[in-house]
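Participant: What follows is data28.txt; its format and atoms are compact mmCIF, C-alpha atoms.
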```
# COMPACT_ATOMS: atom_id res chain seq x y z
CA MET A 29 0.00 0.00 0.00
CA LEU A 30 1.00 3.63 -0.27
CA LYS A 31 0.85 5.85 2.79
CA LEU A 32 0.22 9.57 2.40
CA GLN A 33 2.98 11.18 4.43
CA SER A 34 2.09 14.79 3.69
CA ARG A 35 0.29 16.85 1.07
CA GLY A 36 3.01 16.12 -1.45
CA LYS A 37 4.53 12.76 -0.57
CA LEU A 38 3.50 9.13 -0.71
CA ARG A 39 5.35 6.16 0.72
CA GLU A 40 4.79 2.44 1.11
CA GLU A 41 2.74 1.00 3.98
CA GLY A 42 0.05 2.74 5.97
CA SER A 43 -2.70 2.40 8.54
CA GLY A 44 -6.27 3.49 9.03
CA ALA A 45 -9.77 2.24 8.36
CA VAL A 46 -12.03 2.04 5.35
CA ARG A 47 -14.74 4.50 6.26
CA GLU A 48 -17.55 5.31 3.93
CA LYS A 49 -19.31 6.99 6.85
CA VAL A 50 -16.78 9.86 6.91
CA TRP A 51 -18.75 11.40 4.05
CA LYS A 52 -21.72 11.72 6.40
CA SER A 53 -19.90 13.46 9.25
CA SER A 54 -20.94 16.99 8.27
CA TYR A 55 -21.71 19.02 5.17
CA PHE A 56 -18.45 20.96 5.39
CA GLY A 57 -16.49 17.84 6.20
CA ALA A 58 -18.05 16.04 3.24
CA ILE A 59 -16.88 18.81 0.91
CA ILE A 60 -13.30 18.61 2.19
CA ILE A 61 -13.24 14.82 2.07
CA THR A 62 -14.70 14.60 -1.44
CA GLU A 63 -12.16 17.10 -2.76
CA GLU A 64 -9.34 15.26 -1.00
CA TYR A 65 -10.51 11.99 -2.55
CA GLY A 66 -10.14 13.49 -6.03
CA GLU A 67 -6.94 15.33 -5.16
CA THR A 68 -5.36 12.08 -3.98
CA LEU A 69 -5.98 10.38 -7.31
CA GLY A 70 -4.44 13.42 -9.00
CA ARG A 71 -1.32 12.89 -6.92
CA VAL A 72 -1.19 9.21 -7.88
CA HIS A 73 -1.37 10.20 -11.55
CA LYS A 74 1.66 12.45 -11.08
CA LEU A 75 3.85 9.62 -9.80
CA ASN A 76 6.86 8.84 -11.97
CA VAL A 77 7.50 5.17 -11.31
CA SER A 78 8.80 2.19 -13.22
CA ALA A 79 5.73 0.19 -14.26
CA LYS A 80 4.31 -1.70 -17.20
CA PRO A 81 1.18 -0.73 -19.17
CA GLN A 82 -2.05 -1.78 -17.52
CA VAL A 83 -3.43 -5.19 -18.37
CA ASP A 84 -6.44 -5.00 -20.68
CA ARG A 85 -9.90 -5.39 -19.10
CA LYS A 86 -13.38 -5.65 -20.58
CA PHE A 87 -14.39 -2.39 -18.90
CA TYR A 88 -11.99 -0.50 -21.18
CA HIS A 89 -14.05 -1.39 -24.25
CA ARG A 90 -17.30 -0.25 -25.77
CA PRO A 91 -20.32 -2.34 -24.69
CA SER A 92 -21.51 -4.54 -27.54
CA GLU A 93 -24.76 -3.94 -29.41
CA GLU A 94 -25.99 -7.27 -28.08
CA MET A 95 -25.35 -6.12 -24.53
CA LEU A 96 -27.15 -2.80 -25.08
CA LYS A 97 -30.13 -4.59 -26.62
CA LYS A 98 -30.33 -7.08 -23.76
CA LEU A 99 -30.39 -4.21 -21.25
CA ASN A 100 -32.82 -2.15 -23.36
CA LEU A 101 -30.21 0.58 -23.73
CA GLN A 102 -30.12 0.84 -27.51
CA PHE A 103 -30.34 4.64 -27.21
CA LEU A 104 -26.69 4.54 -26.10
CA SER A 105 -25.48 3.00 -29.35
CA ASP A 106 -24.80 6.31 -31.08
CA TYR A 107 -23.23 7.72 -27.93
CA PHE A 108 -20.76 4.85 -27.65
CA ASP A 109 -19.96 5.06 -31.37
CA HIS A 110 -18.18 8.36 -30.66
CA LYS A 111 -15.37 7.30 -28.39
CA PRO A 112 -13.21 10.15 -27.06
CA LEU A 113 -9.58 10.46 -27.97
CA GLN A 114 -7.21 8.54 -25.71
CA GLY A 115 -6.59 10.53 -22.54
CA GLU A 116 -3.12 11.37 -21.33
CA THR A 117 -1.12 8.28 -20.40
CA VAL A 118 -0.28 8.38 -16.69
CA PHE A 119 0.48 5.99 -13.88
CA CYS A 120 -2.98 4.66 -13.00
CA HIS A 121 -4.05 2.95 -9.81
CA GLY A 122 -6.49 0.78 -11.75
CA ASP A 123 -8.95 0.22 -8.90
CA PHE A 124 -9.20 3.52 -7.03
CA HIS A 125 -12.47 3.53 -5.08
CA TYR A 126 -13.59 3.94 -1.48
CA ALA A 127 -12.92 0.33 -0.44
CA ASN A 128 -9.25 0.74 -1.41
CA VAL A 129 -8.70 3.96 0.53
CA LEU A 130 -7.92 4.14 4.26
CA TRP A 131 -8.98 7.12 6.36
CA LYS A 132 -7.53 8.39 9.63
CA ASP A 133 -8.55 11.56 11.46
CA GLN A 134 -10.86 12.52 8.59
CA HIS A 135 -8.07 12.39 6.00
CA ILE A 136 -6.81 9.74 3.61
CA SER A 137 -3.94 7.87 5.25
CA ALA A 138 -3.18 5.14 2.71
CA ILE A 139 -4.15 3.64 -0.64
CA LEU A 140 -4.53 -0.11 -1.04
CA ASP A 141 -4.47 -2.70 -3.82
CA PHE A 142 -2.18 -1.72 -6.68
CA GLU A 143 -2.68 -5.08 -8.39
CA LEU A 144 -4.18 -3.41 -11.49
CA ALA A 145 -1.79 -0.45 -11.51
CA GLY A 146 0.28 0.55 -14.50
CA TYR A 147 0.47 3.16 -17.20
CA GLY A 148 -2.86 3.78 -18.87
CA ASN A 149 -5.69 6.13 -19.75
CA ARG A 150 -5.97 8.98 -17.23
CA ASP A 151 -9.63 9.73 -17.98
CA PHE A 152 -10.73 6.11 -17.57
CA ASP A 153 -8.95 5.87 -14.22
CA ILE A 154 -10.85 8.95 -13.05
CA ALA A 155 -14.13 7.48 -14.29
CA TRP A 156 -13.45 4.23 -12.44
CA ALA A 157 -13.05 6.22 -9.22
CA LEU A 158 -16.17 8.31 -9.83
CA PHE A 159 -18.87 5.91 -10.94
CA LEU A 160 -21.21 4.66 -8.23
CA ARG A 161 -20.96 1.11 -6.88
CA PRO A 162 -23.92 -0.86 -5.49
CA GLY A 163 -24.53 0.12 -1.88
CA GLN A 164 -22.35 3.23 -2.10
CA ARG A 165 -23.79 6.28 -0.33
CA PHE A 166 -21.58 9.09 -1.63
CA LEU A 167 -20.60 10.57 -5.01
CA LYS A 168 -24.23 10.19 -6.08
CA THR A 169 -24.81 13.79 -7.15
CA ASP A 170 -23.38 16.04 -9.84
CA LYS A 171 -22.22 18.42 -7.10
CA GLU A 172 -20.22 15.72 -5.32
CA GLN A 173 -18.67 14.58 -8.59
CA ALA A 174 -17.75 18.18 -9.43
CA LEU A 175 -16.00 18.46 -6.05
CA PHE A 176 -14.01 15.32 -6.84
CA ILE A 177 -12.94 16.82 -10.20
CA LYS A 178 -12.08 20.12 -8.49
CA GLY A 179 -9.79 18.25 -6.13
CA TYR A 180 -8.25 16.26 -8.97
CA GLN A 181 -7.53 19.41 -10.98
CA GLN A 182 -5.21 20.68 -8.27
CA HIS A 183 -2.66 18.35 -9.85
CA GLY A 184 -3.69 18.11 -13.49
CA ASP A 185 -6.35 18.54 -16.10
CA CYS A 186 -8.81 16.00 -17.42
CA ASN A 187 -11.45 15.69 -20.14
CA VAL A 188 -14.70 15.76 -18.16
CA ASP A 189 -16.78 14.62 -21.15
CA ALA A 190 -14.46 11.67 -21.68
CA VAL A 191 -14.69 10.82 -17.98
CA LYS A 192 -18.49 10.70 -18.30
CA TYR A 193 -18.19 8.51 -21.39
CA TYR A 194 -16.12 5.96 -19.48
CA MET A 195 -18.44 6.18 -16.47
CA ALA A 196 -21.31 5.27 -18.80
CA GLN A 197 -19.28 2.37 -20.14
CA CYS A 198 -18.68 1.05 -16.61
CA TYR A 199 -22.32 1.48 -15.64
CA VAL A 200 -23.49 -0.64 -18.57
CA TYR A 201 -21.19 -3.48 -17.53
CA PHE A 202 -22.36 -3.26 -13.91
CA LEU A 203 -25.99 -3.44 -15.02
CA CYS A 204 -25.18 -6.81 -16.57
CA PHE A 205 -24.65 -8.47 -13.20
CA CYS A 206 -26.29 -6.22 -10.60
CA ASP A 207 -29.91 -6.85 -9.61
CA GLU A 208 -30.16 -4.29 -6.81
CA LYS A 209 -33.31 -2.37 -7.73
CA ASP A 210 -32.38 1.07 -6.37
CA TYR A 211 -28.92 0.90 -7.89
CA CYS A 212 -30.18 -0.15 -11.32
CA GLU A 213 -32.76 2.64 -11.26
CA TYR A 214 -30.09 5.19 -10.33
CA VAL A 215 -27.81 3.99 -13.14
CA ARG A 216 -30.52 4.04 -15.79
CA ASN A 217 -31.55 7.56 -14.79
CA TRP A 218 -27.91 8.68 -14.84
CA LEU A 219 -27.43 7.26 -18.33
CA LYS A 220 -30.55 8.99 -19.65
CA GLN A 221 -29.55 12.33 -18.11
CA ASN A 222 -25.91 12.25 -19.17
CA CYS A 223 -25.83 10.31 -22.44
CA SER A 224 -29.09 10.93 -24.30
CA ASN A 225 -27.84 14.11 -25.95
CA ARG A 226 -24.48 13.26 -27.44
CA GLU A 227 -21.88 15.99 -27.64
CA LYS A 228 -18.55 15.92 -29.39
CA LEU A 229 -15.99 14.40 -27.06
CA ASN A 230 -12.88 15.17 -29.05
CA ASP A 231 -13.08 18.94 -29.18
```
Could you show the structure in this file as structure tokens?
Facilitator:
Amino acid sequence: MLKLQSRGKLREEGSGAVREKVWKSSYFGAIIITEEYGETLGRVHKLNVSAKPQVDRKFYHRPSEEMLKKLNLQFLSDYFDHKPLQGETVFCHGDFHYANVLWKDQHISAILDFELAGYGNRDFDIAWALFLRPGQRFLKTDKEQALFIKGYQQHGDCNVDAVKYYMAQCYVYFLCFCDEKDYCEYVRNWLKQNCSNREKLND
């Protein structure tokens, strides 16, 4: 694991607890924590380490027409036909989400599980951190997601439209195996709100 020593340093090993509940501590605290969550991924992406390219995964690819039809999401076909340009290649964590982040004293103390790490697409790695998992209680609103991006942009830029494209891609795959009613309803509403009106992603 990597431990966050200070605002600008990371080192191996760390301690703390996985705490989704920290987002519920207070409104002001939630803002700080959400920004720090994004800012931490920005710091990871700035690491200059010796690593191989990331191993390919199905989530990196456009959902098939068969998959969209099975899920009654054919309206996404045109949207997915316009894949954004490859984002900047950076050192990616590969599985950056709340269960792989330790918190101590209301701040991130360590990052776990670098099994999928390597050099890859910056914007996909951001999307993987941002999209909602079943049972997750935070990062559900546009405002929270904007705070994450604000924190991330303290260390670098990103293509927000491309991030949303990859979030949509991940959501479709998760719909294939998730049967949690509230989650599936949230995802379908998110897809309709964010992907129905396609905009150019490569501008």
Participant: Skip A:Ser105 itself and residues of its chain fewer than 6 positions away, then list as a list in words all residues within 9 Å of it, counting all atoms listed in the file.
Facilitator: Pro91, Ser92, Glu93 and Leu96 of chain A
Participant: List the neighbours of stretch 106-117 of chain A out to 12 Å using only C-alpha atoms; skip same-chain residues closer than 5 positions along the sequence, and give me the result as a PyMOL selection string.
Facilitator: chain A and resi 73-76+80-82+88-93+96+101+146-155+184-198+200+219-220+222-231
Participant: So, with all atoms listed in the file as the atoms that count, which of A:Phe119, A:Phe124, A:Tyr180, A:Tyr65 lies closest to A:Ser78?
Facilitator: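 Closest residue, counting all atoms listed in the file: A:Phe119.
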Participant: In Å to one decimal, how far is atom CA of A:Cys206 from atom CA of A:Gln173?
Facilitator: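 According to the coordinates, atom CA of A:Gln173 and atom CA of A:Cys206 are separated by 22.2 Å.
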Participant: From the options A:Leu69, A:Ile136, A:Leu104, A:Cys212, which residue's atoms come nearest to A:Asp123, counting all atoms listed in the file?
Facilitator: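 Closest residue, counting all atoms listed in the file: A:Leu69.
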Participant: Quick one: of A:Ile177, A:Met95, A:Ala145, A:Ala138, who's nearest to A:Val77, counting only C-alpha atoms?
Facilitator: A:Ala145
Participant: Give the answer as one residue: which of A:Val83, A:Leu99, A:Ala127, A:Ile139 has the shortest atom-to-atom distance to A:Thr68, using all atoms listed in the file?
Facilitator: A:Ile139
Participant: Identify which of the residues A:Thr62, A:Asn100, A:Gln134, A:Gln221 lies closest to A:Leu175, counting all atoms listed in the file when measuring atom-to-atom distances.
Facilitator: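 Of A:Thr62, A:Asn100, A:Gln134, A:Gln221, the one nearest A:Leu175 is A:Thr62, counting all atoms listed in the file.
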Participant: Suppose you want the space between atom CA of A:Lys168 and atom CA of A:Leu144; what is it in Å?
Facilitator: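 Taking atom CA of A:Lys168 as the start and atom CA of A:Leu144 as the end point, the length is 24.8 Å.
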Participant: Out of A:Gly179, A:Pro162, A:Gly70, A:Gly122, which residue has the shortest atom-to-atom distance to A:Glu208 when counting all atoms listed in the file?
Facilitator: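 So, comparing all the options, the nearest one is A:Pro162.
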Participant: Would you compute the distance between atom CA of A:Val72 and atom CA of A:Tyr199? Give it in Å to one decimal.
Facilitator: 23.8 Å
